[in-house]
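Take a look at the structure below.
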There are 2 protein chains.
Amino acid sequence: MSHVSELDNFFNPRTLAIIGATNTPGFGYGIPLFLQQHGHQDKLRLVNPRGGTMHGMPVYKSVSDVDGPLDLAVMIVPARKVPEVMEQAGQKGIGHVIIESAGFGETGPQGLELHKRAHSIAKKYGIRVIGPNCVGVVNTAGRFATVEVIDEALKPGPVSIIAQSGVFGNILLDGLFEKGVYLSKAITLGNRMDVDECDLLQYLKDDPATEVIMMYLEGAADGPRLRKVLKQVSAEKPVLILKSGRSEAGKAATASHTGSLSGKDELYQGLFSQTNAVRARTLDELVDCALAFSKTPLPAGDRIGIVTSSGSLGALSIDTCIDTGLKPAVLSEQTRTAVKMNAPAWMNVRNPLDVGPSNLFSTALSAMMADPGVDLIIAIAVMPYAVAHEFEKRGVGPDMWIGNIKKLSEQFSKKPLMMVAVGHSNWVKMIREIAGDKVPVITSPEAAVRAAAAMVGYSKRL
Amino acid sequence: MSHVSELDNFFNPRTLAIIGATNTPGFGYGIPLFLQQHGHQDKLRLVNPRGGTMHGMPVYKSVSDVDGPLDLAVMIVPARKVPEVMEQAGQKGIGHVIIESAGFGETGPQGLELHKRAHSIAKKYGIRVIGPNCVGVVNTAGRFATVEVIDEALKPGPVSIIAQSGVFGNILLDGLFEKGVYLSKAITLGNRMDVDECDLLQYLKDDPATEVIMMYLEGAADGPRLRKVLKQVSAEKPVLILKSGRSEAGKAATASHTGSLSGKDELYQGLFSQTNAVRARTLDELVDCALAFSKTPLPAGDRIGIVTSSGSLGALSIDTCIDTGLKPAVLSEQTRTAVKMNAPAWMNVRNPLDVGPSNLFSTALSAMMADPGVDLIIAIAVMPYAVAHEFEKRGVGPDMWIGNIKKLSEQFSKKPLMMVAVGHSNWVKMIREIAGDKVPVITSPEAAVRAAAAMVGYSKRL
């Protein structure tokens with residue numbers, strides 16, 4: 001493999017051709033329109049053997065008709081046409097190609113034959129290829145994407161995604177921003193004719209905009225190389241992995257999906273733990289981990305402090321701490337005193353610190369943030385929405401009793417803090433607003449503890 | 001314990017007194033207002049030693065001043081006043097009391113002493129007591145509640161809740177309706193001076209409006225009785241239980257929360273499995289199970305069919321089937337033919353049935369619903385929101401490719417069907433709309449499979 005910056009044309013092409021642009025609904029119609037609407041009209045060249053015009057632009061009958069060099073070609077043509085179009089791209093001197101079309105190795109021997117032919121042409125010309133059977137890339141920095149995505153998903157952030165499947169990448173793009181996870185880049189790999197997860201892990205390792213990597217994997221393209229690369233990348237940035245094909249039935253499913261061989265799950269489990277990759281058990285866990293890792297700093301140890309306005313959720317959280325090997329922190333005398341000074345005589349000042357309906361949430365949270373015996377704090381803020389809504393109508397937000405979270409997280413910028421909000425969706429929104437961009441808000445107490453455990457584990461092994 | 005219908009006055013009182021009604025913000029202000037606004041003004045009597053008027057109603061200085069009988073008294077007075085007020089209630093002949101005040105056994109010996117005194121007075125007069133340290137009850141049928149809840153939570157449905165903690169009950173009431181779980185009754189138990197989870201399980205067993213029971217438990221009031229009662233109730237209605245205090249640290253937390261002794265978790269695990277109670281591992285799992293059990297019928301066996309528009313989510317689901325002991329169904333020849341007839345030659349017609357971007361979702365789902373070899377179906381409907389939103393703007397909803405789910409679930413009313421929707425929150429809403437009231441929509445593929453496994457397990461043991 002050559003130097004990884006070689007992949008940069010996929011994300012920041014100066015010029016690109018959409019081969020298979022068309023006036024009928026589908027990718028060939030939507031992608032050119034998306035690129036026009038997001039400021040890429042000048043870079044864009046449309047290609048279709050029928051010629052004519054489209055979206056007010058000329059349509060070239062072939063890439064060879066395009067004047068000047070092309071950094072990237074996106075192919076949206078039927079699979080059987082791909083070898084021919086790849087040959088034209090090679091002759092034109094295009095160095096980077098994304099094949100979005102499906103109908104290759106995942107469909108049987110005929111498709112595999114097409115894959116091989118296209119691949120050998122690409123190799124002949126030294127073309128780097130993403131796909132086939134994918135939706136290409138997203139780069140929020142340039143508002144650039146080879147797939148239609150909603151504008152909210154283009155808000156730049158520190159998380160990048162490597163997804164084997166196009167649909168999977170899409171549903172992440174649709175849902176992540178609502179939870180507060182913002183992206184730098186997303187890449188869908190499909191059948192991996194050439195570029196694979198290892199190439200991209202290396203690219204993202206060196207990408208200054210990427211701080212956390214999320215990955216959905218069905219099977220490794222090259223196990224030993226993945227081991228080596230994951231070790232390198234994990235030493236610098238957390239790599240969060242969701243792996244399917246754990247069971248025999250799951251393996252059969254991935255084989256007919258992206259043609260991936262999933263391999264024995266025990267081997268992957270070993271590979272992930274040896275390389276300090278963070279394995280998520282479920283899709284939700286992958287997202288919660290991305291939220292936690294991308295917003296709050298790594299914990300220095302495994303001692304967890306819990307502040308809560310619900311005793312029940314405090315108890316459920318501390319149970320999950322024990323399940324995941326985390327330690328309930330012993331509060332310092334100073335923390336206990338700070339809370340006791342204002343607490344009703346009956347309040348149990350311990351960890352989890354259940355402040356109930358008292359007005360001590362903010363006091364307790366501040367004291368814990370300053371407590372050197374607490375490595376990570378989970379603050380569980382719940383309130384009946386009927387009450388919160390009444391306050392809201394009078395202009396009183398939840399920060400009145402929870403405190404100024406943004407300021408607190410700035411003041412103690414090295415102390416990891418996560419918030420849990422459960423109940424009405426508007427309540428969750430209110431908490432997200434006061435939490436700001438440096439404090440993750442997770443909507444389940446057990447999930448927050450699991451994300452904390454993932455951070456503690458990663459940090460310990462680092 | 002006397003006959004359970006004895007508890008009916010808690011849910012349907014003909015007259016009730018709020019003892020501790022007050023003009024200052026808090027429960028004593030909000031609850032009378034809530035009852036007035038929800039059609040209970042005529043039943044309502046307000047009591048406060050200061051007298052005067054409030055919300056346009058007279059305030060009695062004592063319950064003894066109230067004319068005519070009172071079915072229920074709700075006490076919102078400081079803990080130290082409760083014994084005295086209980087004595088007055090007894091003399092007035094009130095048979096049912098809810099003590100919402102905190103400051104009893106959960107706070108130490110002094111509080112425990114107050115608890116004992118109030119309890120002995122209640123016993124002397126034969127008063128049934130819910131609480132202390134709770135928010136009482138909700139009965140959606142009469143839009144009746146002894147706690148302020150939002151109107152949306154009062155939409156009647158088949159699920160009832162027993163929660164040990166008031167706040168916990170509240171956050172369920174705030175969040176469940178948004179997910180499609182609608183309630184009949186909710187009861188928060190607090191410190192269980194008298195009425196406990198067993199009394200209420202028996203009451204709800206005989207309650208025709210309740211089909212599914214959700215329970216949050218910190219510790220059983222009476223283990224052997226809970227075993228007996230759970231066995232009886234589970235034989236008729238599913239009881240879904242979330243139990244905290246699993247760890248030593250969690251036990252300490254529950255002791256200072258509702259004064260509960262949690263006991264060894266292995267004992268509870270045994271008790272639940274012997275009685276066919278459904279144990280949820282997390283709060284989210286409790287909610288997803290309530291959704292599944294309350295909407296779709298019990299499966300006849302453990303053979304799961306999966307239809308999906310995302311191969312990745314299909315693979316993750318089938319992995320979770322294997323984890324939870326469910327069997328991937330083998331599709332009948334008829335089902336395979338129905339799909340193959342219209343499928344592109346390359347499509348793999350197997351289970352999970354990944355229809356990808358083809359237009360076969362509806363065909364595949366209908367065929368599986370009719371397939372006698374499939375006991376429960378999970379239909380995973382995802383689509384990039386940029387595309388769905390374009391269709392929506394042209395008046396085309398997701399039913400165009402997913403099919404008429406309401407009609408399908410009526411046609412095969414005995415075949416359990418769950419839908420999974422992942423991505424943008426508006427997409428989830430769109431799917432909830434077309435799913436109707438008889439098909440649960442769950443927002444995580446793994447969670448849907450876990451809920452299916454809970455149903456299969458309950459059904460098998462029944």
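Chain labels run A, B, ... following the order of the structure tokens; each chain numbers its residues from 1, and ligands are numbered from 1 in the order shown.
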
DSSP says strand (DSSP E or B) for which residues of range 37-249 of chain B? Put them as a compact mmCIF listing (two decimals) with all heavy atoms, in the first residue's frame?
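Listing of selection.txt after writing:
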# COMPACT_ATOMS: atom_id res chain seq x y z
N LEU B 44 -63.63 16.83 45.38
CA LEU B 44 -62.43 17.29 46.07
C LEU B 44 -62.75 18.13 47.31
O LEU B 44 -63.61 19.01 47.28
CB LEU B 44 -61.65 18.14 45.06
CG LEU B 44 -60.21 18.51 45.34
CD1 LEU B 44 -59.35 17.26 45.49
CD2 LEU B 44 -59.68 19.38 44.18
N ARG B 45 -62.04 17.83 48.43
CA ARG B 45 -62.13 18.67 49.64
C ARG B 45 -60.70 19.02 50.02
O ARG B 45 -59.84 18.14 50.13
CB ARG B 45 -62.78 17.91 50.79
CG ARG B 45 -64.14 17.29 50.49
CD ARG B 45 -65.25 18.31 50.26
NE ARG B 45 -66.52 17.63 49.95
CZ ARG B 45 -66.93 17.35 48.70
NH1 ARG B 45 -66.20 17.68 47.65
NH2 ARG B 45 -68.08 16.73 48.52
N LEU B 46 -60.45 20.31 50.24
CA LEU B 46 -59.10 20.75 50.60
C LEU B 46 -59.00 20.98 52.10
O LEU B 46 -59.92 21.54 52.71
CB LEU B 46 -58.74 22.04 49.84
CG LEU B 46 -58.91 21.96 48.33
CD1 LEU B 46 -58.42 23.25 47.67
CD2 LEU B 46 -58.16 20.75 47.76
N VAL B 47 -57.87 20.56 52.68
CA VAL B 47 -57.70 20.67 54.12
C VAL B 47 -56.36 21.31 54.44
O VAL B 47 -55.32 20.92 53.87
CB VAL B 47 -57.78 19.28 54.80
CG1 VAL B 47 -57.54 19.40 56.31
CG2 VAL B 47 -59.12 18.61 54.51
N THR B 53 -59.46 30.10 51.57
CA THR B 53 -59.88 29.51 50.29
C THR B 53 -58.65 29.33 49.42
O THR B 53 -57.59 29.92 49.65
CB THR B 53 -60.88 30.41 49.52
OG1 THR B 53 -60.23 31.65 49.23
CG2 THR B 53 -62.15 30.65 50.32
N MET B 54 -58.82 28.48 48.38
CA MET B 54 -57.70 28.18 47.48
C MET B 54 -58.27 27.69 46.16
O MET B 54 -59.22 26.90 46.15
CB MET B 54 -56.86 27.08 48.12
CG MET B 54 -55.57 26.80 47.41
SD MET B 54 -54.75 25.38 48.20
CE MET B 54 -53.94 24.73 46.75
N MET B 57 -61.86 27.44 46.09
CA MET B 57 -62.58 26.44 46.91
C MET B 57 -62.32 26.72 48.40
O MET B 57 -61.26 27.25 48.76
CB MET B 57 -62.06 25.04 46.59
CG MET B 57 -62.34 24.59 45.17
SD MET B 57 -61.60 22.95 44.86
CE MET B 57 -62.61 21.91 45.91
N PRO B 58 -63.27 26.33 49.25
CA PRO B 58 -63.03 26.51 50.69
C PRO B 58 -61.94 25.55 51.17
O PRO B 58 -61.81 24.45 50.63
CB PRO B 58 -64.38 26.12 51.31
CG PRO B 58 -65.00 25.20 50.33
CD PRO B 58 -64.56 25.69 48.97
N VAL B 59 -61.16 25.98 52.15
CA VAL B 59 -60.17 25.09 52.74
C VAL B 59 -60.61 24.78 54.17
O VAL B 59 -60.77 25.69 55.00
CB VAL B 59 -58.77 25.74 52.73
CG1 VAL B 59 -57.75 24.83 53.42
CG2 VAL B 59 -58.33 26.07 51.31
N TYR B 60 -60.83 23.49 54.45
CA TYR B 60 -61.25 23.07 55.80
C TYR B 60 -60.03 23.01 56.71
O TYR B 60 -58.94 22.64 56.28
CB TYR B 60 -61.92 21.70 55.74
CG TYR B 60 -63.17 21.68 54.89
CD1 TYR B 60 -63.11 21.38 53.53
CD2 TYR B 60 -64.42 21.98 55.45
CE1 TYR B 60 -64.25 21.39 52.74
CE2 TYR B 60 -65.58 21.98 54.67
CZ TYR B 60 -65.48 21.68 53.31
OH TYR B 60 -66.62 21.68 52.54
N LEU B 72 -61.19 8.71 50.36
CA LEU B 72 -59.72 8.71 50.28
C LEU B 72 -59.16 10.01 50.84
O LEU B 72 -59.76 11.08 50.64
CB LEU B 72 -59.31 8.57 48.80
CG LEU B 72 -57.82 8.65 48.46
CD1 LEU B 72 -57.04 7.47 49.03
CD2 LEU B 72 -57.63 8.71 46.94
N ALA B 73 -58.04 9.91 51.55
CA ALA B 73 -57.30 11.12 51.94
C ALA B 73 -55.88 11.03 51.40
O ALA B 73 -55.25 9.98 51.47
CB ALA B 73 -57.27 11.25 53.46
N VAL B 74 -55.42 12.14 50.82
CA VAL B 74 -54.04 12.22 50.33
C VAL B 74 -53.30 13.18 51.26
O VAL B 74 -53.70 14.34 51.40
CB VAL B 74 -53.99 12.74 48.89
CG1 VAL B 74 -52.55 12.84 48.40
CG2 VAL B 74 -54.80 11.83 47.97
N MET B 75 -52.28 12.66 51.94
CA MET B 75 -51.57 13.48 52.93
C MET B 75 -50.29 14.06 52.35
O MET B 75 -49.43 13.32 51.87
CB MET B 75 -51.24 12.64 54.16
CG MET B 75 -52.48 12.15 54.88
SD MET B 75 -52.04 11.22 56.37
CE MET B 75 -53.70 10.76 56.93
N HIS B 96 -59.14 4.81 53.26
CA HIS B 96 -57.98 4.75 52.37
C HIS B 96 -57.16 6.02 52.44
O HIS B 96 -57.71 7.12 52.31
CB HIS B 96 -58.43 4.51 50.93
CG HIS B 96 -59.10 3.18 50.75
ND1 HIS B 96 -60.40 2.95 51.17
CD2 HIS B 96 -58.64 2.00 50.25
CE1 HIS B 96 -60.71 1.68 50.91
NE2 HIS B 96 -59.66 1.08 50.36
N VAL B 97 -55.86 5.84 52.65
CA VAL B 97 -54.98 6.99 52.80
C VAL B 97 -53.73 6.81 51.93
O VAL B 97 -53.16 5.72 51.88
CB VAL B 97 -54.57 7.18 54.27
CG1 VAL B 97 -53.35 8.09 54.41
CG2 VAL B 97 -55.74 7.75 55.08
N ILE B 98 -53.35 7.87 51.22
CA ILE B 98 -52.05 7.90 50.53
C ILE B 98 -51.18 8.92 51.25
O ILE B 98 -51.57 10.09 51.38
CB ILE B 98 -52.22 8.31 49.05
CG1 ILE B 98 -53.02 7.23 48.29
CG2 ILE B 98 -50.87 8.53 48.38
CD1 ILE B 98 -53.43 7.63 46.88
N ILE B 99 -50.03 8.47 51.76
CA ILE B 99 -49.10 9.41 52.40
C ILE B 99 -47.98 9.72 51.40
O ILE B 99 -47.17 8.85 51.08
CB ILE B 99 -48.47 8.82 53.69
CG1 ILE B 99 -49.53 8.23 54.61
CG2 ILE B 99 -47.64 9.89 54.41
CD1 ILE B 99 -48.95 7.49 55.83
N ARG B 128 -56.44 1.38 54.99
CA ARG B 128 -55.44 0.91 54.01
C ARG B 128 -54.58 2.09 53.60
O ARG B 128 -55.11 3.16 53.27
CB ARG B 128 -56.11 0.29 52.78
CG ARG B 128 -57.03 -0.90 53.03
CD ARG B 128 -56.36 -2.03 53.79
NE ARG B 128 -55.08 -2.49 53.28
CZ ARG B 128 -54.93 -3.55 52.49
NH1 ARG B 128 -55.95 -4.27 52.13
NH2 ARG B 128 -53.71 -3.92 52.11
N VAL B 129 -53.26 1.87 53.61
CA VAL B 129 -52.34 2.99 53.36
C VAL B 129 -51.39 2.69 52.19
O VAL B 129 -50.79 1.62 52.15
CB VAL B 129 -51.49 3.29 54.62
CG1 VAL B 129 -50.52 4.45 54.35
CG2 VAL B 129 -52.37 3.59 55.82
N ILE B 130 -51.28 3.63 51.27
CA ILE B 130 -50.21 3.59 50.25
C ILE B 130 -49.17 4.64 50.64
O ILE B 130 -49.52 5.77 50.97
CB ILE B 130 -50.75 3.87 48.84
CG1 ILE B 130 -51.58 2.68 48.34
CG2 ILE B 130 -49.60 4.13 47.85
CD1 ILE B 130 -52.16 2.85 46.93
N VAL B 137 -51.15 7.34 43.13
CA VAL B 137 -51.68 6.54 42.03
C VAL B 137 -52.08 7.38 40.82
O VAL B 137 -52.28 8.59 40.93
CB VAL B 137 -52.93 5.74 42.48
CG1 VAL B 137 -52.62 4.88 43.70
CG2 VAL B 137 -54.09 6.68 42.76
N VAL B 138 -52.21 6.69 39.69
CA VAL B 138 -52.79 7.25 38.47
C VAL B 138 -53.80 6.24 37.95
O VAL B 138 -53.53 5.03 37.98
CB VAL B 138 -51.70 7.47 37.38
CG1 VAL B 138 -52.32 7.95 36.08
CG2 VAL B 138 -50.63 8.44 37.86
N ASN B 139 -54.97 6.70 37.52
CA ASN B 139 -55.94 5.84 36.85
C ASN B 139 -56.41 6.57 35.60
O ASN B 139 -57.20 7.51 35.68
CB ASN B 139 -57.11 5.54 37.78
CG ASN B 139 -58.15 4.63 37.11
OD1 ASN B 139 -57.91 4.11 36.03
ND2 ASN B 139 -59.29 4.47 37.75
N PHE B 144 -57.75 10.31 36.61
CA PHE B 144 -57.56 10.59 38.03
C PHE B 144 -56.11 10.32 38.41
O PHE B 144 -55.52 9.32 38.00
CB PHE B 144 -58.48 9.68 38.86
CG PHE B 144 -58.27 9.83 40.34
CD1 PHE B 144 -58.74 10.96 41.01
CD2 PHE B 144 -57.59 8.85 41.06
CE1 PHE B 144 -58.53 11.10 42.38
CE2 PHE B 144 -57.38 9.00 42.44
CZ PHE B 144 -57.85 10.13 43.09
N ALA B 145 -55.51 11.24 39.17
CA ALA B 145 -54.15 11.01 39.65
C ALA B 145 -53.90 11.82 40.91
O ALA B 145 -54.44 12.92 41.07
CB ALA B 145 -53.13 11.40 38.57
N PRO B 156 -55.62 6.23 27.80
CA PRO B 156 -55.76 4.89 28.38
C PRO B 156 -55.17 3.78 27.52
O PRO B 156 -55.18 3.86 26.29
CB PRO B 156 -57.28 4.71 28.50
CG PRO B 156 -57.85 6.08 28.44
CD PRO B 156 -56.93 6.85 27.54
N GLY B 157 -54.64 2.78 28.17
CA GLY B 157 -54.06 1.62 27.50
C GLY B 157 -54.02 0.43 28.43
O GLY B 157 -54.52 0.51 29.55
N PRO B 158 -53.40 -0.67 27.99
CA PRO B 158 -53.48 -1.94 28.73
C PRO B 158 -52.38 -2.19 29.75
O PRO B 158 -52.36 -3.25 30.37
CB PRO B 158 -53.40 -2.97 27.61
CG PRO B 158 -52.53 -2.32 26.58
CD PRO B 158 -52.79 -0.85 26.66
N VAL B 159 -51.44 -1.25 29.91
CA VAL B 159 -50.28 -1.50 30.78
C VAL B 159 -50.46 -0.82 32.13
O VAL B 159 -50.86 0.34 32.19
CB VAL B 159 -48.99 -1.00 30.11
CG1 VAL B 159 -47.77 -1.25 31.01
CG2 VAL B 159 -48.78 -1.65 28.75
N SER B 160 -50.21 -1.55 33.22
CA SER B 160 -50.20 -0.92 34.54
C SER B 160 -48.81 -1.03 35.16
O SER B 160 -48.06 -1.96 34.86
CB SER B 160 -51.25 -1.55 35.45
OG SER B 160 -52.54 -1.13 35.03
N ILE B 161 -48.49 -0.05 36.00
CA ILE B 161 -47.15 0.05 36.58
C ILE B 161 -47.22 -0.02 38.10
O ILE B 161 -48.04 0.64 38.72
CB ILE B 161 -46.51 1.42 36.23
CG1 ILE B 161 -46.37 1.59 34.73
CG2 ILE B 161 -45.17 1.59 36.93
CD1 ILE B 161 -45.90 2.99 34.32
N ILE B 162 -46.36 -0.84 38.68
CA ILE B 162 -46.12 -0.79 40.12
C ILE B 162 -44.68 -0.35 40.30
O ILE B 162 -43.75 -1.05 39.86
CB ILE B 162 -46.31 -2.17 40.78
CG1 ILE B 162 -47.71 -2.73 40.49
CG2 ILE B 162 -46.06 -2.08 42.29
CD1 ILE B 162 -47.89 -4.18 40.94
N ALA B 163 -44.46 0.82 40.89
CA ALA B 163 -43.10 1.31 41.06
C ALA B 163 -42.87 1.61 42.52
O ALA B 163 -43.71 2.19 43.19
CB ALA B 163 -42.86 2.56 40.22
N LEU B 183 -51.18 3.51 29.30
CA LEU B 183 -51.35 2.98 30.64
C LEU B 183 -52.80 2.88 31.10
O LEU B 183 -53.65 3.66 30.69
CB LEU B 183 -50.60 3.87 31.64
CG LEU B 183 -49.09 4.01 31.35
CD1 LEU B 183 -48.48 5.00 32.32
CD2 LEU B 183 -48.41 2.66 31.46
N SER B 184 -53.03 1.92 31.98
CA SER B 184 -54.28 1.88 32.72
C SER B 184 -54.06 2.51 34.09
O SER B 184 -54.59 3.56 34.39
CB SER B 184 -54.78 0.44 32.85
OG SER B 184 -55.92 0.42 33.69
N LYS B 185 -53.22 1.88 34.90
CA LYS B 185 -52.98 2.39 36.25
C LYS B 185 -51.50 2.45 36.55
O LYS B 185 -50.71 1.67 36.01
CB LYS B 185 -53.68 1.49 37.27
CG LYS B 185 -55.19 1.55 37.10
CD LYS B 185 -55.95 0.56 37.92
CE LYS B 185 -57.43 0.64 37.52
NZ LYS B 185 -57.70 0.19 36.13
N ALA B 186 -51.12 3.37 37.44
CA ALA B 186 -49.75 3.39 37.94
C ALA B 186 -49.82 3.61 39.44
O ALA B 186 -50.65 4.39 39.92
CB ALA B 186 -48.95 4.50 37.28
N ILE B 187 -49.02 2.88 40.16
CA ILE B 187 -48.99 3.02 41.62
C ILE B 187 -47.53 3.12 42.06
O ILE B 187 -46.70 2.31 41.67
CB ILE B 187 -49.60 1.78 42.32
CG1 ILE B 187 -50.97 1.45 41.75
CG2 ILE B 187 -49.65 2.03 43.84
CD1 ILE B 187 -50.98 0.38 40.68
N THR B 188 -47.24 4.14 42.89
CA THR B 188 -45.91 4.21 43.49
C THR B 188 -46.06 3.83 44.96
O THR B 188 -46.93 4.33 45.66
CB THR B 188 -45.31 5.62 43.33
OG1 THR B 188 -46.12 6.56 44.03
CG2 THR B 188 -45.27 6.02 41.86
N VAL B 212 -51.01 -6.07 30.96
CA VAL B 212 -49.58 -6.27 31.18
C VAL B 212 -49.17 -5.45 32.41
O VAL B 212 -49.64 -4.31 32.56
CB VAL B 212 -48.75 -5.79 29.96
CG1 VAL B 212 -47.25 -5.90 30.22
CG2 VAL B 212 -49.13 -6.58 28.70
N ILE B 213 -48.33 -6.02 33.27
CA ILE B 213 -47.90 -5.31 34.47
C ILE B 213 -46.39 -5.05 34.41
O ILE B 213 -45.61 -5.98 34.18
CB ILE B 213 -48.25 -6.12 35.74
CG1 ILE B 213 -49.77 -6.33 35.80
CG2 ILE B 213 -47.74 -5.40 37.00
CD1 ILE B 213 -50.22 -7.36 36.83
N MET B 214 -46.00 -3.79 34.60
CA MET B 214 -44.59 -3.43 34.71
C MET B 214 -44.30 -3.18 36.18
O MET B 214 -45.08 -2.52 36.85
CB MET B 214 -44.31 -2.11 33.99
CG MET B 214 -44.41 -2.13 32.51
SD MET B 214 -44.34 -0.41 31.86
CE MET B 214 -42.57 -0.21 31.69
N MET B 215 -43.16 -3.65 36.65
CA MET B 215 -42.87 -3.43 38.07
C MET B 215 -41.41 -3.06 38.26
O MET B 215 -40.51 -3.67 37.68
CB MET B 215 -43.20 -4.70 38.85
CG MET B 215 -43.00 -4.58 40.33
SD MET B 215 -44.12 -5.64 41.27
CE MET B 215 -43.13 -7.12 41.39
N TYR B 216 -41.18 -2.01 39.06
CA TYR B 216 -39.82 -1.69 39.49
C TYR B 216 -39.72 -2.00 40.97
O TYR B 216 -40.49 -1.49 41.79
CB TYR B 216 -39.48 -0.22 39.26
CG TYR B 216 -38.19 0.16 39.95
CD1 TYR B 216 -36.96 -0.35 39.52
CD2 TYR B 216 -38.19 0.99 41.07
CE1 TYR B 216 -35.79 -0.04 40.17
CE2 TYR B 216 -37.00 1.32 41.73
CZ TYR B 216 -35.81 0.79 41.28
OH TYR B 216 -34.64 1.10 41.93
N LEU B 217 -38.79 -2.89 41.33
CA LEU B 217 -38.70 -3.41 42.69
C LEU B 217 -37.30 -3.20 43.23
O LEU B 217 -36.31 -3.45 42.55
CB LEU B 217 -39.01 -4.91 42.62
CG LEU B 217 -39.26 -5.65 43.93
CD1 LEU B 217 -40.55 -5.18 44.58
CD2 LEU B 217 -39.34 -7.16 43.67
N VAL B 239 -45.92 -10.31 33.92
CA VAL B 239 -45.41 -9.33 34.88
C VAL B 239 -43.93 -9.07 34.52
O VAL B 239 -43.11 -9.99 34.59
CB VAL B 239 -45.51 -9.85 36.32
CG1 VAL B 239 -45.01 -8.78 37.31
CG2 VAL B 239 -46.95 -10.26 36.65
N LEU B 240 -43.63 -7.86 34.11
CA LEU B 240 -42.27 -7.49 33.69
C LEU B 240 -41.60 -6.77 34.85
O LEU B 240 -42.14 -5.79 35.37
CB LEU B 240 -42.33 -6.56 32.49
CG LEU B 240 -43.40 -6.90 31.43
CD1 LEU B 240 -43.47 -5.82 30.35
CD2 LEU B 240 -43.11 -8.27 30.81
N ILE B 241 -40.45 -7.26 35.28
CA ILE B 241 -39.85 -6.73 36.51
C ILE B 241 -38.44 -6.21 36.26
O ILE B 241 -37.60 -6.90 35.68
CB ILE B 241 -39.78 -7.81 37.61
CG1 ILE B 241 -41.19 -8.36 37.88
CG2 ILE B 241 -39.17 -7.24 38.89
CD1 ILE B 241 -41.25 -9.36 39.02
N LEU B 242 -38.19 -4.99 36.72
CA LEU B 242 -36.83 -4.45 36.79
C LEU B 242 -36.47 -4.39 38.27
O LEU B 242 -37.17 -3.77 39.06
CB LEU B 242 -36.78 -3.06 36.17
CG LEU B 242 -35.42 -2.36 36.19
CD1 LEU B 242 -34.37 -3.14 35.40
CD2 LEU B 242 -35.54 -0.93 35.65
N LYS B 243 -35.37 -5.05 38.63
CA LYS B 243 -35.00 -5.15 40.04
C LYS B 243 -33.64 -4.48 40.24
O LYS B 243 -32.67 -4.82 39.55
CB LYS B 243 -34.92 -6.64 40.39
CG LYS B 243 -34.23 -6.99 41.70
CD LYS B 243 -35.16 -6.91 42.87
CE LYS B 243 -34.47 -7.36 44.16
NZ LYS B 243 -33.33 -6.50 44.55

Tell me, which residues of range 29-243 of chain A carry DSSP helix (DSSP H, G or I), written as a PyMOL selection string? chain A and resi 29-37+41-43+63-65+79-92+105-107+109-125+140-142+151-154+166-179+197-205+223-234

What is the CA of Met419 in chain B to CA of Gln334 in chain B distance in Å? 22.9 Å

Please, what distance in Å, to one decimal, runs between CA of Lys414 in chain A and CA of Thr296 in chain A? 8.2 Å

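One distance worth recording is that between CA of Thr22 in chain B and CA of Gln41 in chain B, which is 16.1 Å.
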
Residues within 12 Å of Leu326 in chain B, please, as number ranges by chain. Count only C-alpha atoms; anything in the same chain fewer than 3 positions from it doesn't count. A: 249; B: 299, 301-306, 317-323, 329, 374-377, 449-457, 460

Need to verify the contact set: Gly90 in chain B, 9 Å, only C-alpha atoms, exclusion of same-chain residues closer than 5 positions in sequence. Can you return it as a list in words? Val85, Gly95, Ile121, Ala122, Lys124, Tyr125, Gly126 and Ile127 of chain B
